[in-house]
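Here is work_9.txt, consisting of compact mmCIF, C-alpha atoms:
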# COMPACT_ATOMS: atom_id res chain seq x y z
CA MET A 1 17.14 116.50 2.46
CA GLY A 2 19.37 116.97 5.44
CA GLY A 3 21.96 114.39 6.19
CA GLU A 4 21.33 112.07 9.08
CA SER A 5 23.53 109.75 11.03
CA THR A 6 22.45 106.36 12.35
CA THR A 7 24.16 103.69 14.40
CA ARG A 8 24.16 100.19 13.10
CA THR A 9 25.15 97.19 15.21
CA ALA A 10 27.00 94.40 13.50
CA PRO A 11 24.71 91.40 13.23
CA HIS A 12 25.29 88.47 15.58
CA SER A 13 26.15 85.29 13.82
CA GLY A 14 24.82 82.09 15.27
CA ASP A 15 27.18 79.59 16.93
CA THR A 16 27.10 77.03 14.17
CA GLY A 17 30.42 75.26 14.71
CA PRO A 18 33.09 74.32 17.25
CA VAL A 19 34.41 77.14 19.40
CA GLY A 20 38.03 78.28 18.98
CA SER A 21 40.59 77.67 16.28
CA ARG A 22 41.09 74.26 14.76
CA THR A 23 44.65 74.12 16.12
CA GLY A 24 43.44 75.05 19.59
CA GLN A 25 40.80 72.32 19.49
CA ARG A 26 43.37 69.73 18.49
CA LEU A 27 45.82 70.80 21.18
CA SER A 28 43.13 70.80 23.87
CA GLY A 29 42.06 67.29 22.84
CA LEU A 30 45.67 66.12 22.93
CA ALA A 31 46.17 67.68 26.38
CA VAL A 32 43.08 65.91 27.74
CA ALA A 33 44.14 62.55 26.27
CA LEU A 34 47.71 62.84 27.57
CA GLY A 35 46.44 64.07 30.94
CA LEU A 36 44.16 61.05 31.32
CA VAL A 37 47.04 58.69 30.50
CA LEU A 38 49.29 60.32 33.12
CA PHE A 39 46.56 60.64 35.73
CA LEU A 40 45.23 57.08 35.46
CA GLY A 41 48.71 55.66 34.85
CA GLY A 42 50.00 57.30 38.03
CA PHE A 43 47.21 55.77 40.09
CA ALA A 44 47.71 52.36 38.49
CA TRP A 45 51.47 52.48 39.13
CA GLY A 46 50.88 53.49 42.74
CA ALA A 47 48.40 50.64 43.25
CA VAL A 48 50.96 48.12 42.00
CA VAL A 49 53.94 49.46 43.96
CA TYR A 50 52.37 50.63 47.24
CA ARG A 51 50.03 49.35 49.91
CA PRO A 52 48.22 51.50 52.49
CA TYR A 53 48.35 50.62 56.18
CA THR A 54 46.83 52.14 59.29
CA VAL A 55 49.22 52.02 62.27
CA PRO A 56 47.17 51.09 65.34
CA THR A 57 49.63 51.99 68.12
CA GLY A 58 51.97 54.81 69.10
CA SER A 59 55.11 52.65 69.24
CA MET A 60 56.60 54.58 66.30
CA THR A 61 55.86 58.05 67.70
CA PRO A 62 56.77 60.73 66.65
CA THR A 63 57.62 59.33 63.20
CA ILE A 64 54.19 57.68 62.94
CA ASP A 65 51.42 58.31 65.45
CA ALA A 66 48.61 55.93 66.39
CA GLY A 67 45.93 55.98 63.70
CA ASP A 68 48.19 57.44 61.00
CA ARG A 69 47.76 56.16 57.45
CA VAL A 70 51.01 55.22 55.68
CA LEU A 71 52.03 54.12 52.21
CA ALA A 72 54.50 51.25 52.14
CA GLN A 73 56.38 50.11 49.06
CA ARG A 74 56.13 46.39 48.34
CA VAL A 75 59.68 45.05 48.62
CA ASP A 76 61.50 41.79 49.10
CA GLY A 77 63.03 41.24 52.53
CA GLY A 78 66.46 41.04 50.91
CA GLU A 79 66.22 44.73 49.96
CA ILE A 80 65.90 45.96 53.55
CA ARG A 81 68.68 48.12 55.01
CA ARG A 82 69.45 49.51 58.45
CA GLY A 83 67.18 52.40 59.40
CA ASP A 84 64.23 51.30 57.25
CA VAL A 85 60.74 51.42 58.73
CA VAL A 86 59.16 48.14 57.62
CA VAL A 87 55.89 46.24 57.70
CA PHE A 88 56.18 42.58 58.65
CA SER A 89 54.17 39.67 60.02
CA ASP A 90 55.44 37.35 62.73
CA LYS A 91 53.06 35.12 64.69
CA THR A 92 55.38 35.10 67.71
CA TRP A 93 54.84 38.87 67.96
CA VAL A 94 51.25 39.43 66.82
CA THR A 95 48.74 36.98 65.38
CA ASN A 96 47.06 37.85 62.07
CA ALA A 97 48.16 41.50 61.99
CA PRO A 98 51.07 43.35 60.38
CA VAL A 99 53.59 45.14 62.60
CA VAL A 100 55.45 48.39 61.83
CA LYS A 101 58.95 48.87 63.34
CA ARG A 102 62.37 50.29 62.46
CA VAL A 103 65.26 48.01 61.47
CA VAL A 104 68.31 48.90 63.57
CA ALA A 105 70.51 45.88 62.81
CA ILE A 106 70.77 43.19 60.13
CA GLY A 107 72.33 39.74 59.97
CA GLY A 108 75.89 39.69 61.33
CA ASP A 109 75.51 42.94 63.30
CA THR A 110 76.06 43.23 67.04
CA VAL A 111 73.57 45.58 68.69
CA ALA A 112 73.78 46.87 72.26
CA CYS A 113 72.26 49.56 74.44
CA CYS A 114 73.47 51.89 75.45
CA SER A 115 76.54 54.10 75.29
CA LYS A 116 75.98 57.65 76.59
CA GLY A 117 72.26 57.22 75.96
CA LYS A 118 72.73 56.05 72.37
CA LEU A 119 72.13 52.71 70.69
CA THR A 120 75.30 51.06 69.39
CA VAL A 121 75.59 48.80 66.36
CA ASN A 122 78.93 47.09 65.71
CA GLY A 123 80.42 49.34 68.38
CA LYS A 124 79.30 52.58 66.69
CA GLN A 125 76.98 55.02 68.43
CA ILE A 126 73.91 55.69 66.29
CA ASP A 127 72.48 59.19 66.03
CA GLU A 128 68.68 58.81 66.00
CA PRO A 129 67.01 62.22 65.48
CA TYR A 130 63.64 60.53 64.89
CA LEU A 131 63.32 59.58 68.59
CA PRO A 132 60.89 61.66 70.70
CA GLU A 133 62.42 65.01 71.61
CA GLY A 134 64.35 64.87 74.87
CA SER A 135 64.27 61.07 75.10
CA ALA A 136 67.22 58.70 75.05
CA ALA A 137 67.58 55.32 73.39
CA GLU A 138 68.22 53.75 76.81
CA ILE A 139 66.59 50.32 77.25
CA THR A 140 66.85 48.78 80.72
CA GLY A 141 68.34 45.30 80.92
CA PHE A 142 69.30 45.18 77.27
CA PRO A 143 72.09 42.66 76.59
CA THR A 144 74.45 42.61 73.62
CA VAL A 145 72.80 40.69 70.77
CA THR A 146 74.40 39.30 67.62
CA VAL A 147 71.82 39.13 64.84
CA PRO A 148 71.79 35.81 62.94
CA GLU A 149 72.24 35.91 59.17
CA GLY A 150 68.99 36.37 57.29
CA ARG A 151 67.30 38.07 60.23
CA LEU A 152 66.59 41.62 61.45
CA PHE A 153 66.57 43.39 64.80
CA LEU A 154 63.75 45.94 65.06
CA LEU A 155 62.85 48.66 67.56
CA GLY A 156 60.05 51.21 67.85
CA ASP A 157 60.93 54.90 67.82
CA GLU A 158 59.02 55.26 71.11
CA ARG A 159 61.49 53.07 72.98
CA ALA A 160 59.75 53.29 76.35
CA GLY A 161 56.45 51.83 75.16
CA SER A 162 57.24 49.67 72.15
CA LEU A 163 56.78 45.91 72.07
CA ASP A 164 59.73 45.19 69.80
CA SER A 165 62.85 43.04 69.58
CA SER A 166 63.96 44.26 73.01
CA THR A 167 60.85 42.71 74.60
CA HIS A 168 61.22 39.43 72.69
CA LEU A 169 64.83 38.70 73.68
CA THR A 170 63.81 35.46 75.40
CA ASP A 171 62.36 34.07 72.15
CA ALA A 172 64.26 31.36 70.30
CA ALA A 173 65.64 33.90 67.81
CA ASN A 174 66.63 36.50 70.46
CA GLY A 175 63.89 38.89 69.34
CA THR A 176 64.97 38.92 65.69
CA VAL A 177 62.64 38.58 62.70
CA ALA A 178 63.30 36.75 59.43
CA ARG A 179 63.87 38.97 56.39
CA SER A 180 61.24 36.90 54.60
CA ALA A 181 58.63 38.14 57.08
CA VAL A 182 58.95 41.69 55.70
CA THR A 183 56.33 42.62 53.10
CA ALA A 184 56.81 46.37 52.63
CA ARG A 185 58.93 49.42 53.49
CA VAL A 186 57.16 52.59 54.67
CA ASP A 187 57.82 55.59 52.42
CA ALA A 188 55.42 58.24 53.67
CA VAL A 189 52.70 59.21 56.11
CA VAL A 190 49.74 60.27 53.96
CA TRP A 191 47.14 60.92 56.66
CA PRO A 192 47.73 63.33 58.18
CA MET A 193 49.85 64.54 55.25
CA ASN A 194 53.24 64.50 56.97
CA GLY A 195 54.99 63.50 53.75
CA MET A 196 58.03 61.32 53.12
CA LEU A 197 59.92 59.79 56.03
CA GLY A 198 63.30 61.34 56.79
CA ARG A 199 66.41 59.44 55.80
CA PRO A 200 68.04 57.58 58.73
CA THR A 201 71.48 59.14 58.21
CA GLY A 202 72.76 57.85 61.55
CA PHE A 203 73.24 54.42 59.92
CA GLU A 204 75.26 55.66 56.92
CA ALA A 205 78.60 54.78 58.53
CA LEU A 206 77.54 51.13 58.68
CA GLY A 207 76.54 50.68 55.03
CA THR A 208 74.33 51.78 52.17
CA LEU A 209 70.89 53.16 53.01
CA SER A 210 67.75 52.30 51.06
CA SER A 211 66.74 54.63 48.25
CA PRO A 212 63.28 56.22 48.43
CA GLY A 213 60.58 54.59 46.34
CA PRO A 214 58.93 56.22 43.29
CA LEU A 215 56.20 57.94 45.31
CA ARG A 216 57.27 61.48 44.39
CA THR A 217 57.33 60.57 40.69
CA ILE A 218 53.89 58.96 40.95
CA VAL A 219 52.43 62.05 42.66
CA ALA A 220 54.01 64.29 40.00
CA LEU A 221 52.41 62.23 37.21
CA ILE A 222 48.99 62.45 38.85
CA VAL A 223 49.25 66.21 39.41
CA VAL A 224 50.51 66.94 35.88
CA GLY A 225 47.80 64.70 34.44
CA ALA A 226 45.09 66.51 36.39
CA VAL A 227 46.39 69.91 35.25
CA LEU A 228 46.41 68.80 31.59
CA VAL A 229 42.87 67.40 31.80
CA LEU A 230 41.51 70.54 33.45
CA GLY A 231 43.45 72.87 31.15
CA GLY A 232 42.44 71.03 27.98
CA GLY A 233 38.83 70.77 29.08
CA ALA A 234 38.70 74.49 29.85
CA TYR A 235 39.77 75.51 26.34
CA GLY A 236 36.28 75.31 24.83
CA PRO A 237 34.47 77.39 27.50
CA VAL A 238 37.27 79.99 27.56
CA ALA A 239 37.31 80.30 23.76
CA LYS A 240 33.51 80.62 23.73
CA LEU A 241 33.62 83.36 26.36
CA LEU A 242 36.29 85.32 24.52
CA GLY A 243 34.52 84.84 21.19
CA GLY A 244 31.22 86.04 22.65
CA ARG A 245 32.84 89.21 23.91
CA SER A 246 34.35 89.88 20.50
CA ARG A 247 30.99 89.48 18.70
CA SER A 248 29.20 91.74 21.17
CA ARG A 249 31.23 94.77 20.20
CA THR A 250 29.27 97.30 18.15
CA ARG A 251 30.51 99.51 15.37
CA THR A 252 29.07 102.79 14.16
CA GLU A 253 29.18 104.12 10.65
CA PRO A 254 27.53 107.17 8.98
CA ALA A 255 24.47 106.53 6.83
CA GLY A 256 24.49 107.92 3.33
CA ALA A 257 22.70 111.36 2.69
CA ARG A 258 19.26 111.04 1.31
Would it be possible to restate this file's structure as structure tokens?
Amino acid sequence: MGGESTTRTAPHSGDTGPVGSRTGQRLSGLAVALGLVLFLGGFAWGAVVYRPYTVPTGSMTPTIDAGDRVLAQRVDGGEIRRGDVVVFSDKTWVTNAPVVKRVVAIGGDTVACCSKGKLTVNGKQIDEPYLPEGSAAEITGFPTVTVPEGRLFLLGDERAGSLDSSTHLTDAANGTVARSAVTARVDAVVWPMNGMLGRPTGFEALGTLSSPGPLRTIVALIVVGAVLVLGGGAYGPVAKLLGGRSRSRTRTEPAGAR
């Protein structure tokens, strides 16, 4: 009998067990577990440290526009430094609503306006790059004010239209606000996503500036956690796909002569 050649396809084995190697399965499970810890832990940390606020007016333009959503770190009033953008409540300013302004002077400082279009604190001209482009810090009829100990002098970045300390100079405290009235310090504008506020370097000559809060670290934890969860969860489907391709390959071999 003449020889003949046939093609035989390797039989498909049923998927009877977990896909991928045992080590891969363990590592993917560990990645998912660690990712969930980081992801949920980041959100929990953020909820404890930060509070969201919606700024209703444009008095802090262009740093914060009307309607912007900000994240403010919960802090004690004693931690506030010059240049900070803070959230506070003062019934002599606004009833039953928080106010967002920038601290330009603290207890013991002497603040005046203006020298060559710039605000002065303790006789030093303050460079304020956060003011609207082309505008000056000039405030009409602004007298020299000495800030009492334990209090703060606050201005809006939109000096022409801000109801701030300069408009409350006739109050009993000369427009100043108690440190204890401050509940939070703004770290970032999150909607729209303008990011972290710039550091007020113009106040560095007068003393130490505040350090940024842990927002960047919190965001990093959430992002890394999400990547680990997605990567670990994708291991099974990817291993199954690659395994299926491997099993679908055929092999040919000559049949014996009969």
Where does range 117-222 of chain A meet range 26-47 of chain A within 10 Å, residue by residue, with the nearest atom pair and distance in Å to one decimal for each, counting only C-alpha atoms, listed by chain and rising number, as a Markdown table?
| residue | atom | partner | partner_atom | distance |
| --- | --- | --- | --- | --- |
| A:Pro214 | CA | A:Gly46 | CA | 8.5 |
| A:Leu215 | CA | A:Gly46 | CA | 7.4 |
| A:Thr217 | CA | A:Gly42 | CA | 8.5 |
| A:Ile218 | CA | A:Gly42 | CA | 5.1 |
| A:Val219 | CA | A:Gly42 | CA | 7.1 |
| A:Ala220 | CA | A:Gly42 | CA | 8.3 |
| A:Leu221 | CA | A:Leu38 | CA | 5.5 |
| A:Ile222 | CA | A:Phe39 | CA | 4.3 |
**Item:** Given all atoms listed in the file as the counted atoms, nearest of A:Val223, A:Leu154, A:His168, A:Gly195 to Val103 in chain A
**Value:**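 Comparing A:Val223, A:Leu154, A:His168, A:Gly195 against Val103 in chain A, the winner is A:Leu154.
The gap separating CA of Phe203 in chain A from CA of Ile126 in chain A is 6.5 Å, in Å to one decimal.
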**Asked** Of the candidates A:Leu197, A:Pro52, A:Ala226, A:Val147, which shows the shortest atom-to-atom distance to Pro212 in chain A, using all atoms listed in the file?
**Response**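 Looking only at the distances to Pro212 in chain A, the closest residue turns out to be A:Leu197.
Comparing A:Leu169, A:Gly202, A:Tyr50, A:Thr95 by their smallest distance to Lys118 in chain A, the closest is A:Gly202 (using only C-alpha atoms).
Nearest residue to Asp68 in chain A, choosing from A:Pro192, A:Gly141, A:Pro129, A:Gly236 and counting only C-alpha atoms: A:Pro192.
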**CA of Ala188 in chain A to CA of Glu79 in chain A, straight-line distance in Å** =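 Value for the CA of Glu79 in chain A-CA of Ala188 in chain A distance: 17.7 Å.
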**Prompt:** Which is closer to Gly134 in chain A than all the others in A:Gly67, A:Pro98, A:Pro62, A:Gly233, using only C-alpha atoms?
**Reply:**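 Nearest to Gly134 in chain A: A:Pro62.
Proximity ranking of A:Val86, A:Ala184, A:Ala97, A:Ile139 relative to Arg74 in chain A places A:Ala184 first, based on all atoms listed in the file.
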Give the centre and edge lengths of an axis-aligned box, in Å to one decimal, that holds all listed atoms of range 23-42 of chain A with 8 Å on each side, as JSON.
{"center_x": 45.4, "center_y": 65.4, "center_z": 27.1, "size_x": 25.2, "size_y": 35.4, "size_z": 37.9}
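CA of Glu149 in chain A is positioned 27.5 Å from CA of Gly161 in chain A.
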